[in-house]
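Q: For reference, this is target-v4.txt, and it has compact mmCIF, C-alpha atoms.
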# COMPACT_ATOMS: atom_id res chain seq x y z
CA MET A 1472 0.00 0.00 0.00
CA SER A 1473 1.39 3.35 -1.01
CA PRO A 1474 2.06 5.80 1.80
CA VAL A 1475 0.18 9.09 1.52
CA SER A 1476 2.55 11.90 0.58
CA ARG A 1477 1.69 14.38 3.32
CA GLY A 1478 0.41 17.59 1.82
CA PHE A 1479 0.54 16.40 -1.79
CA GLN A 1480 -2.44 17.57 -3.81
CA HIS A 1481 -3.13 17.12 -7.44
CA LEU A 1482 -3.18 20.19 -9.58
CA ARG A 1483 -3.97 18.72 -12.90
CA ARG A 1484 -7.22 17.07 -13.56
CA ALA A 1485 -8.21 16.56 -17.13
CA PRO A 1486 -11.73 17.66 -18.09
CA ALA A 1487 -14.15 14.80 -17.45
CA ALA A 1488 -14.58 14.10 -21.15
CA GLU A 1489 -10.84 13.66 -21.53
CA GLU A 1490 -9.99 11.97 -18.25
CA ASP A 1491 -11.06 8.58 -19.59
CA ARG A 1492 -8.60 8.93 -22.43
CA VAL A 1493 -5.53 9.36 -20.20
CA PRO A 1494 -4.09 5.99 -19.12
CA PRO A 1495 -3.04 5.40 -15.49
CA GLY A 1496 0.21 7.06 -14.45
CA GLN A 1497 0.08 9.52 -17.36
CA HIS A 1498 -0.60 13.25 -17.42
CA MET A 1499 -1.71 15.40 -20.30
CA THR A 1500 0.65 17.73 -22.08
CA GLU A 1501 -0.15 20.46 -24.56
CA GLY A 1502 3.41 20.47 -25.88
CA PHE A 1503 5.10 17.75 -27.87
CA PRO A 1504 8.24 16.69 -26.00
CA VAL A 1505 11.14 15.18 -27.92
CA LEU A 1506 12.87 12.05 -26.68
CA SER A 1507 15.55 10.11 -28.48
CA ALA A 1508 18.79 8.38 -27.64
CA GLY A 1509 21.13 10.09 -30.08
CA PRO A 1510 21.57 12.74 -32.75
CA THR A 1511 18.72 13.40 -35.17
CA PRO A 1512 19.57 11.72 -38.50
CA HIS A 1513 19.06 13.64 -41.72
CA THR A 1514 18.70 11.28 -44.67
CA PRO A 1515 18.16 13.11 -48.00
CA LEU A 1516 14.81 12.14 -49.50
CA GLU A 1517 16.51 11.00 -52.69
CA ASN A 1518 18.33 8.35 -50.63
CA TRP A 1519 15.30 7.39 -48.55
CA THR A 1520 13.57 4.06 -49.03
CA PHE A 1521 11.06 2.05 -47.05
CA SER A 1522 11.65 -1.70 -47.17
CA VAL A 1523 9.95 -4.84 -45.99
CA THR A 1524 12.62 -7.47 -45.39
CA GLN A 1525 12.77 -11.10 -44.30
CA ASP A 1526 15.80 -13.30 -43.58
CA GLY A 1527 18.13 -10.57 -44.81
CA GLN A 1528 16.33 -10.27 -48.17
CA THR A 1529 14.33 -7.25 -49.30
CA LYS A 1530 10.83 -8.39 -50.25
CA LYS A 1531 9.60 -4.98 -51.34
CA SER A 1532 11.02 -1.48 -51.32
CA TRP A 1533 9.65 1.98 -52.09
CA THR A 1534 11.47 5.19 -52.90
CA TRP A 1535 10.18 8.37 -51.26
CA ALA A 1536 8.25 9.26 -54.42
CA GLU A 1537 6.77 5.77 -54.68
CA PHE A 1538 5.89 5.77 -50.99
CA ARG A 1539 4.20 9.16 -51.22
CA ALA A 1540 2.20 7.99 -54.23
CA LEU A 1541 0.55 5.28 -52.09
CA PRO A 1542 -2.95 5.98 -50.72
CA ALA A 1543 -2.67 7.80 -47.39
CA GLU A 1544 -5.05 8.37 -44.51
CA THR A 1545 -5.48 11.25 -42.07
CA VAL A 1546 -5.97 10.01 -38.52
CA THR A 1547 -6.56 11.75 -35.20
CA VAL A 1548 -5.26 9.73 -32.25
CA ASP A 1549 -4.18 10.01 -28.62
CA ILE A 1550 -0.51 9.23 -27.96
CA HIS A 1551 1.12 8.07 -24.73
CA CYS A 1552 4.85 8.30 -23.95
CA VAL A 1553 6.39 5.96 -21.38
CA THR A 1554 7.95 9.06 -19.75
CA ARG A 1555 4.37 9.80 -18.64
CA TRP A 1556 3.03 12.42 -20.95
CA SER A 1557 -0.05 11.83 -23.03
CA LYS A 1558 -1.19 14.08 -25.83
CA LEU A 1559 -4.77 13.87 -26.97
CA GLY A 1560 -6.16 14.42 -30.44
CA THR A 1561 -2.93 14.50 -32.45
CA GLN A 1562 -3.43 14.59 -36.21
CA TRP A 1563 -1.25 12.60 -38.59
CA ARG A 1564 -1.22 11.63 -42.23
CA GLY A 1565 0.41 8.42 -43.33
CA VAL A 1566 0.30 5.21 -45.29
CA PRO A 1567 -1.42 2.33 -43.49
CA VAL A 1568 1.06 -0.41 -42.62
CA ASP A 1569 -1.54 -2.83 -44.02
CA THR A 1570 -0.91 -1.37 -47.48
CA LEU A 1571 2.84 -1.90 -47.20
CA LEU A 1572 2.67 -5.42 -45.76
CA LYS A 1573 0.02 -6.58 -48.21
CA ALA A 1574 2.15 -5.39 -51.13
CA ALA A 1575 5.16 -7.26 -49.74
CA GLY A 1576 3.30 -10.35 -48.56
CA TYR A 1577 3.74 -11.72 -45.06
CA ASP A 1578 3.13 -14.83 -43.00
CA VAL A 1579 4.95 -14.17 -39.72
CA PRO A 1580 3.88 -13.33 -36.16
CA TYR A 1581 6.30 -10.41 -35.48
CA VAL A 1582 7.98 -7.41 -37.06
CA LEU A 1583 11.07 -5.44 -36.06
CA ALA A 1584 10.93 -1.82 -37.21
CA PHE A 1585 14.34 -0.48 -38.23
CA CYS A 1586 15.39 3.14 -38.58
CA ASP A 1587 18.06 5.63 -39.52
CA GLY A 1588 20.43 5.95 -36.58
CA GLY A 1589 20.18 2.25 -35.74
CA TYR A 1590 17.02 2.36 -33.62
CA THR A 1591 14.79 -0.71 -33.63
CA THR A 1592 11.58 -1.77 -31.91
CA ASN A 1593 9.66 -5.05 -31.94
CA LEU A 1594 5.92 -5.49 -32.44
CA PRO A 1595 3.48 -8.36 -32.93
CA ILE A 1596 2.17 -8.38 -36.49
CA GLY A 1597 -1.38 -8.05 -35.19
CA ASP A 1598 -0.50 -4.68 -33.67
CA VAL A 1599 0.60 -3.13 -36.95
CA THR A 1600 -2.19 -4.55 -39.16
CA ASP A 1601 -5.98 -4.21 -39.32
CA GLY A 1602 -5.84 -0.42 -39.36
CA LYS A 1603 -3.80 -0.10 -36.16
CA ALA A 1604 -0.58 1.43 -37.55
CA TRP A 1605 0.71 3.86 -40.16
CA VAL A 1606 3.96 5.13 -41.58
CA ALA A 1607 3.28 8.80 -40.96
CA PHE A 1608 4.85 11.69 -42.88
CA ASP A 1609 2.68 14.66 -41.84
CA TYR A 1610 1.93 15.92 -38.36
CA ASP A 1611 -0.65 18.59 -37.57
CA GLY A 1612 -1.07 19.52 -41.22
CA GLY A 1613 2.59 19.90 -42.15
CA PRO A 1614 5.62 17.74 -42.88
CA LEU A 1615 6.77 15.78 -39.83
CA PRO A 1616 9.75 17.71 -38.35
CA PRO A 1617 13.06 15.80 -38.15
CA GLU A 1618 13.20 15.91 -34.34
CA HIS A 1619 9.81 14.20 -34.24
CA GLY A 1620 10.93 11.48 -36.65
CA GLY A 1621 10.65 13.07 -40.08
CA PRO A 1622 10.63 12.39 -42.90
CA ALA A 1623 8.56 9.42 -41.70
CA ARG A 1624 7.89 7.56 -38.49
CA LEU A 1625 5.90 4.56 -37.49
CA LEU A 1626 2.63 5.47 -35.75
CA VAL A 1627 1.23 2.78 -33.44
CA PRO A 1628 -0.87 4.90 -31.10
CA HIS A 1629 -2.35 2.10 -28.97
CA LEU A 1630 1.12 1.23 -27.58
CA TYR A 1631 3.61 3.43 -25.66
CA PHE A 1632 5.14 5.86 -28.12
CA TRP A 1633 8.64 4.35 -28.20
CA LYS A 1634 7.01 1.68 -30.41
CA SER A 1635 6.19 4.45 -32.92
CA ALA A 1636 9.74 4.41 -34.22
CA LYS A 1637 11.14 7.70 -35.51
CA TRP A 1638 13.05 7.88 -38.81
CA VAL A 1639 11.64 4.47 -39.75
CA ARG A 1640 13.10 2.88 -42.87
CA GLY A 1641 11.44 -0.49 -42.88
CA LEU A 1642 9.97 -3.53 -41.23
CA GLU A 1643 11.77 -6.84 -40.83
CA LEU A 1644 9.38 -9.80 -40.86
CA ARG A 1645 10.30 -12.23 -38.08
CA ASP A 1646 9.14 -15.68 -37.04
CA HIS A 1647 10.01 -15.02 -33.40
CA ASP A 1648 9.97 -11.99 -31.11
CA ALA A 1649 13.28 -10.33 -30.27
CA PRO A 1650 13.85 -7.16 -28.25
CA GLY A 1651 14.48 -3.89 -30.08
CA PHE A 1652 16.55 -0.99 -28.73
CA TRP A 1653 14.72 0.12 -25.59
CA GLU A 1654 13.34 -3.36 -25.02
CA SER A 1655 16.91 -4.65 -24.64
CA TYR A 1656 17.51 -1.98 -21.97
CA GLY A 1657 14.73 -3.24 -19.77
CA TYR A 1658 11.64 -1.68 -21.30
CA HIS A 1659 8.58 -3.84 -21.81
CA MET A 1660 8.40 -6.12 -24.85
CA TYR A 1661 4.80 -5.09 -25.63
CA GLY A 1662 4.13 -1.70 -23.98
CA ASP A 1663 0.37 -1.40 -23.42
CA PRO A 1664 -0.18 2.00 -21.75
CA TRP A 1665 -3.54 0.92 -20.27
CA LYS A 1666 -1.74 -1.89 -18.41
CA GLN A 1667 1.23 0.38 -17.55
CA GLN A 1668 3.64 -2.02 -19.25
CA ARG A 1669 6.60 0.33 -18.93
CA TYR A 1670 9.41 -1.99 -17.91
CA ALA A 1671 10.13 -5.70 -18.21
CA GLY A 1672 7.95 -7.54 -15.73
CA ASP A 1673 5.26 -4.84 -15.48
CA MET B 359 24.34 -3.18 -29.24
CA GLU B 360 24.88 -3.95 -25.59
CA THR B 361 22.13 -5.90 -23.98
CA THR B 362 22.78 -5.00 -20.37
CA ALA B 363 19.13 -5.16 -19.63
CA VAL B 364 17.46 -4.31 -16.39
CA ARG B 365 15.75 -7.66 -16.10
CA GLY B 366 13.20 -8.85 -13.65
CA ARG B 367 10.40 -6.86 -12.19
CA LEU B 368 11.06 -3.36 -10.89
CA THR B 369 8.93 -3.20 -7.80
CA TRP B 370 7.83 -0.09 -5.94
CA GLN B 371 9.39 0.37 -2.52
CA VAL B 372 9.10 2.95 0.22
CA ALA B 373 12.36 4.80 0.80
CA THR B 374 13.13 7.08 3.71
CA VAL B 375 14.26 10.59 2.86
CA THR B 376 17.51 11.15 4.76
CA SER B 377 18.20 14.74 3.67
CA VAL B 378 16.90 17.54 1.49
CA THR B 379 19.66 20.00 0.61
CA PRO B 380 19.25 23.18 -1.45
CA GLU B 381 21.57 23.39 -4.44
CA THR B 382 20.23 26.66 -5.88
CA GLY B 383 17.15 28.79 -5.26
CA SER B 384 14.97 26.32 -7.15
CA VAL B 385 16.89 23.04 -6.96
CA VAL B 386 17.31 20.53 -4.13
CA THR B 387 19.19 17.26 -3.75
CA ILE B 388 17.24 14.54 -1.94
CA THR B 389 19.14 11.60 -0.45
CA LEU B 390 17.18 8.41 -0.04
CA ASP B 391 17.44 5.19 1.85
CA PRO B 392 15.53 2.53 -0.10
CA PRO B 393 15.25 -0.80 1.74
CA ASP B 394 16.04 -2.90 -1.32
CA TRP B 395 18.50 -1.29 -3.71
CA LEU B 396 20.64 -3.50 -5.92
CA GLY B 397 22.92 -0.64 -6.97
CA HIS B 398 22.82 1.70 -9.92
CA ARG B 399 25.01 2.82 -12.79
CA ALA B 400 26.10 6.36 -13.58
CA GLY B 401 23.45 7.99 -15.78
CA GLN B 402 20.45 5.87 -14.79
CA HIS B 403 17.19 7.25 -13.42
CA LEU B 404 14.48 6.19 -11.00
CA ASP B 405 10.72 6.67 -10.82
CA VAL B 406 9.01 8.49 -7.96
CA ARG B 407 5.34 8.09 -7.06
CA LEU B 408 3.36 10.52 -4.90
CA THR B 409 -0.02 9.57 -3.44
CA ALA B 410 -2.61 12.14 -2.34
CA ASP B 411 -4.93 11.39 0.56
CA ASP B 412 -7.76 10.68 -1.90
CA GLY B 413 -5.67 7.99 -3.58
CA TYR B 414 -4.65 10.06 -6.61
CA THR B 415 -1.11 9.25 -7.68
CA ALA B 416 1.46 11.04 -9.82
CA GLU B 417 4.66 9.49 -11.13
CA ARG B 418 7.78 11.11 -12.55
CA SER B 419 11.29 10.00 -13.51
CA TYR B 420 14.39 11.67 -12.09
CA SER B 421 18.03 11.13 -12.94
CA ILE B 422 20.11 9.65 -10.16
CA ALA B 423 22.62 12.27 -8.99
CA SER B 424 25.00 10.00 -7.08
CA ALA B 425 27.70 7.65 -8.32
CA PRO B 426 27.45 3.86 -8.09
CA GLY B 427 28.30 2.88 -4.53
CA GLU B 428 27.12 6.17 -3.08
CA GLN B 429 23.84 6.71 -1.32
CA VAL B 430 20.93 7.06 -3.74
CA ALA B 431 20.23 10.72 -4.44
CA ILE B 432 18.13 12.68 -6.90
CA THR B 433 18.41 16.36 -7.74
CA VAL B 434 15.11 18.04 -8.57
CA GLU B 435 14.40 21.43 -10.11
CA ARG B 436 11.19 23.18 -9.18
CA LEU B 437 9.15 23.73 -12.32
CA GLU B 438 6.56 26.51 -12.19
CA GLY B 439 3.12 25.02 -12.52
CA GLY B 440 4.52 21.55 -12.02
CA GLU B 441 2.66 18.99 -9.99
CA VAL B 442 5.42 16.85 -8.51
CA SER B 443 8.54 19.03 -8.44
CA PRO B 444 7.05 21.75 -6.18
CA TYR B 445 6.18 19.05 -3.65
CA LEU B 446 9.63 17.48 -3.79
CA THR B 447 11.48 20.81 -3.59
CA GLU B 448 9.31 22.59 -1.00
CA ASP B 449 7.26 20.15 1.07
CA LEU B 450 9.44 17.07 1.40
CA ARG B 451 11.48 16.79 4.62
CA ALA B 452 14.10 14.45 6.00
CA GLY B 453 12.34 11.53 7.64
CA ASP B 454 9.47 11.50 5.13
CA GLU B 455 8.69 8.42 3.11
CA LEU B 456 8.98 8.51 -0.66
CA GLU B 457 7.84 5.71 -2.95
CA LEU B 458 10.25 4.84 -5.76
CA ARG B 459 11.45 2.14 -8.09
CA GLY B 460 14.63 1.74 -10.05
CA PRO B 461 17.26 1.94 -11.26
CA ILE B 462 16.01 2.34 -14.83
CA GLY B 463 17.77 2.76 -18.15
CA GLY B 464 20.89 1.18 -19.54
CA TYR B 465 21.83 3.27 -22.56
CA PHE B 466 22.65 6.70 -21.16
CA VAL B 467 25.22 5.24 -18.76
CA TRP B 468 28.98 5.38 -18.51
CA GLU B 469 31.39 2.81 -17.13
CA PRO B 470 35.17 3.30 -16.90
CA ALA B 471 35.59 0.48 -19.43
CA ASP B 472 33.65 2.56 -21.96
CA GLY B 473 36.64 4.89 -22.05
CA GLY B 474 36.62 8.30 -23.62
CA PRO B 475 37.77 11.00 -23.85
CA LEU B 476 34.49 12.11 -22.34
CA ILE B 477 32.68 15.24 -23.37
CA LEU B 478 29.68 15.96 -21.17
CA LEU B 479 27.26 18.65 -22.29
CA ALA B 480 24.70 19.90 -19.78
CA GLY B 481 21.81 22.30 -20.25
CA GLY B 482 20.38 23.45 -16.90
CA SER B 483 19.35 20.57 -14.66
CA GLY B 484 20.58 18.21 -17.38
CA VAL B 485 23.81 18.31 -15.41
CA VAL B 486 22.43 15.79 -12.90
CA PRO B 487 23.24 12.47 -14.63
CA LEU B 488 26.50 13.97 -15.91
CA ARG B 489 27.53 14.77 -12.35
CA ALA B 490 26.93 11.11 -11.50
CA ILE B 491 29.26 10.19 -14.37
CA LEU B 492 31.94 12.63 -13.15
CA ARG B 493 31.71 11.27 -9.62
CA HIS B 494 31.90 7.70 -10.91
CA ARG B 495 34.98 8.60 -12.94
CA ARG B 496 36.66 10.07 -9.86
CA ARG B 497 35.65 7.32 -7.46
CA SER B 498 36.72 4.57 -9.85
CA GLY B 499 40.14 6.18 -10.38
CA SER B 500 39.51 6.40 -14.11
CA GLU B 501 42.10 8.46 -15.97
CA VAL B 502 39.86 9.01 -18.96
CA PRO B 503 40.12 12.71 -19.89
CA ALA B 504 36.82 14.47 -19.23
CA ARG B 505 35.29 17.84 -19.92
CA LEU B 506 31.96 19.23 -18.87
CA LEU B 507 30.43 22.08 -20.81
CA TYR B 508 27.57 23.42 -18.73
CA SER B 509 25.03 25.95 -19.99
CA ALA B 510 23.15 27.70 -17.18
CA ARG B 511 20.97 30.81 -17.05
CA THR B 512 23.03 32.63 -14.44
CA LEU B 513 25.90 31.78 -12.11
CA PRO B 514 23.56 31.27 -9.11
CA ASP B 515 21.63 28.76 -11.25
CA VAL B 516 24.70 26.52 -11.58
CA ILE B 517 23.93 23.28 -9.73
CA TYR B 518 26.83 21.58 -7.84
CA ARG B 519 28.98 24.68 -8.39
CA GLY B 520 31.15 24.16 -5.34
CA GLU B 521 31.83 20.57 -6.28
CA LEU B 522 32.43 21.34 -9.95
CA ASP B 523 34.77 24.23 -9.17
CA GLN B 524 36.90 21.97 -6.99
CA GLY B 525 37.64 19.92 -10.05
CA HIS B 526 37.06 16.24 -10.50
CA ASP B 527 40.63 14.93 -10.73
CA GLY B 528 41.52 16.76 -13.86
CA ALA B 529 38.05 17.00 -15.36
CA GLN B 530 37.66 20.42 -16.92
CA VAL B 531 34.49 22.40 -16.37
CA ILE B 532 33.49 25.13 -18.81
CA TYR B 533 30.45 27.30 -18.14
CA THR B 534 28.39 29.39 -20.46
CA LEU B 535 25.83 31.73 -18.91
CA THR B 536 22.85 32.41 -21.13
CA ARG B 537 20.82 35.09 -19.33
CA SER B 538 23.13 37.25 -17.29
CA HIS B 539 26.61 37.10 -15.79
CA PRO B 540 28.42 38.79 -12.93
CA SER B 541 30.59 41.80 -13.68
CA GLY B 542 34.10 40.66 -14.32
CA TRP B 543 32.90 37.26 -15.62
CA THR B 544 35.59 35.99 -17.94
CA GLY B 545 33.83 32.76 -18.93
CA HIS B 546 31.57 32.18 -21.87
CA THR B 547 28.19 33.82 -22.32
CA GLY B 548 25.20 33.08 -24.50
CA ARG B 549 23.59 29.92 -25.69
CA LEU B 550 25.62 26.99 -26.89
CA SER B 551 27.02 27.79 -30.32
CA GLN B 552 28.91 25.78 -32.87
CA ALA B 553 31.96 27.97 -32.19
CA LEU B 554 31.87 27.20 -28.47
CA LEU B 555 31.31 23.53 -29.18
CA ALA B 556 34.29 23.45 -31.52
CA GLU B 557 36.41 25.13 -28.85
CA ALA B 558 35.28 23.01 -25.93
CA ALA B 559 34.87 19.56 -27.45
CA TRP B 560 37.67 17.07 -27.97
CA ALA B 561 38.84 16.66 -31.53
CA ALA B 562 36.86 14.00 -33.37
CA GLU B 563 40.09 12.14 -34.16
CA ALA B 564 40.27 11.10 -30.50
CA ASN B 565 36.97 9.21 -31.01
CA PRO B 566 35.36 10.90 -28.01
CA LEU B 567 32.31 9.65 -26.17
CA ALA B 568 29.64 12.32 -25.68
CA PHE B 569 26.78 12.49 -23.20
CA ILE B 570 24.30 15.32 -23.69
CA CYS B 571 21.43 16.11 -21.33
CA GLY B 572 19.19 19.14 -21.29
CA PRO B 573 16.16 20.70 -22.91
CA THR B 574 15.39 19.67 -26.47
CA SER B 575 16.76 22.79 -28.17
CA PHE B 576 20.06 22.43 -26.31
CA VAL B 577 20.33 18.73 -27.07
CA GLU B 578 19.49 19.22 -30.75
CA THR B 579 22.13 21.94 -31.11
CA ALA B 580 24.76 19.99 -29.21
CA ALA B 581 24.18 16.62 -30.87
CA ALA B 582 23.99 18.00 -34.40
CA GLY B 583 27.03 20.18 -33.70
CA LEU B 584 29.15 17.26 -32.54
CA VAL B 585 28.16 15.22 -35.60
CA ASP B 586 29.15 18.21 -37.76
CA LEU B 587 32.52 18.21 -35.99
CA GLY B 588 33.00 14.61 -37.10
CA TYR B 589 31.79 12.74 -34.02
CA ARG B 590 30.37 9.30 -34.76
CA PRO B 591 26.59 9.43 -34.09
CA GLU B 592 26.70 6.17 -32.13
CA ARG B 593 29.21 7.81 -29.73
CA VAL B 594 26.79 10.69 -29.01
CA LYS B 595 24.27 9.72 -26.34
CA THR B 596 21.40 12.05 -25.55
CA GLU B 597 18.80 12.45 -22.88
CA ARG B 598 16.19 15.17 -23.29
CA PHE B 599 13.39 16.70 -21.36
CA GLY B 600 10.62 18.87 -22.68
CA ALA B 601 8.51 21.49 -20.94
CA THR B 602 6.17 18.96 -19.39
CA GLY B 603 7.30 19.10 -15.81
CA GLY B 604 8.59 15.61 -16.32
CA ARG B 605 12.09 15.77 -14.92
Re-express the file's structure as structure tokens.
A:
Amino acid sequence: MSPVSRGFQHLRRAPAAEEDRVPPGQHMTEGFPVLSAGPTPHTPLENWTFSVTQDGQTKKSWTWAEFRALPAETVTVDIHCVTRWSKLGTQWRGVPVDTLLKAAGYDVPYVLAFCDGGYTTNLPIGDVTDGKAWVAFDYDGGPLPPEHGGPARLLVPHLYFWKSAKWVRGLELRDHDAPGFWESYGYHMYGDPWKQQRYAGD
Amino acid sequence: METTAVRGRLTWQVATVTSVTPETGSVVTITLDPPDWLGHRAGQHLDVRLTADDGYTAERSYSIASAPGEQVAITVERLEGGEVSPYLTEDLRAGDELELRGPIGGYFVWEPADGGPLILLAGGSGVVPLRAILRHRRRSGSEVPARLLYSARTLPDVIYRGELDQGHDGAQVIYTLTRSHPSGWTGHTGRLSQALLAEAAWAAEANPLAFICGPTSFVETAAAGLVDLGYRPERVKTERFGATGGR
């Protein structure tokens, strides 16, 4: 049982309509904090590709122009960072991951997203398909800024935001789950914000 | 990639606050006595949970300010309009209980075996985990060359100034003051610039290891600047905090 912190009172209470949208242990922010482990990469768009790979082979790859020619969707979603901020009603435009995976073909239970700068994160295939994930290139009506993952980042809003890999360059199809970058430093393999799956064992 | 994972469940425990010491007008260092602490590494953080009498809880992460082997300590800056930091900096007293879990994080850490030379770049209270690294370097007898470039608003805002000015066994400390400076100040002024970075940072040929912690704009400038100077991106480790009252 948690001891009461003598004199501690909460300042921030989300409006009732929004309170249900903020997972436990999170608080709302109006800003958009930046978190990343290293320098922001800057890959020229003419060198940018998005690839679906398996066993070291590229199954399908798109140039930036080809990727941007794919049908895109505008989505408005709530996002939840493991560092405890949540931001409600963020607007993104991106290509559904379904579109990319269907074009490449897949029959595996997991993917590992890989990125410029060496970042990776692991996800079950069911969490990036069926309309649950996008490769997003616009944020709030404009191009996604580099510090927020531009030119394109994964968007998987139902999981903690470290799963929405910045500077994403592709998905590796995998027949078994393996930890990505933060997952290998003790963060949770799945990362459901509603279950507070922040760290391994949560 | 290293896989020095923090494995096993991180459970909440109730630590006793053993001291609350002002560092500046808005910053305190809190030493803690957790009953079950397996040790920490320089650069890691811990989570704190406050509970109101109606059961409402608030959690935040704070960098650990002490070196491995030293008593667990966090240094907290009071953020205007914040929910947790005003409590920790103004209401908390020695003898109080504080719920925490940790240590957390395995990437933004330094061990003597990681070598250097070390360039540590701090913006404001971003100096906290870097101070843990400097203390670890000194306590472990490491001879890795080290420099700290510390950007603070004013001289009175410099956290750990007495300790930093004493030197850390040859570690160099370079300040830049961004808002105002005392008359006769001969150090640097103004925000971190590429020119100051080029002057303060080790030459890229030495394959330095960089740790940068501060607000986003500071970290972006510092990390991009080091890469421009020829630093290998994988040798530039960053930790950032935004204006969310998070850290």
Q: Do you know which residues are at most 12 Å from Gly1613 (chain A) counting all atoms listed in the file, after dropping those on the same chain fewer than 6 positions away, and could you put them as number ranges by chain?
A: A: 1545, 1562-1565, 1607, 1621-1622
Q: Nearest to chain B: which of A:Lys1603, A:Lys1666, A:His1551, A:His1513 is it, counting only C-alpha atoms?
A: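 Looking at the shortest contact to chain B, the residue is A:His1513.
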Q: Neighbours of Val430 (chain B) within 10 Å (all atoms listed in the file; same-chain residues fewer than 5 positions away dropped), as a PyMOL selection string?
A: chain B and resi 373+388-392+395+397-398+404+422-425+461
Q: Work out how far CA of Asp454 (chain B) is from CA of Thr376 (chain B), in Å to one decimal.
A: 8.1 Å
Q: Residues near Lys1573 (chain A), anyone? I mean within 12 Å using only C-alpha atoms, not counting same-chain ones fewer than 5 positions away, as JSON, numbers by chain.
A: {"A": [1523, 1530, 1531, 1567, 1568, 1578, 1599, 1600, 1601]}
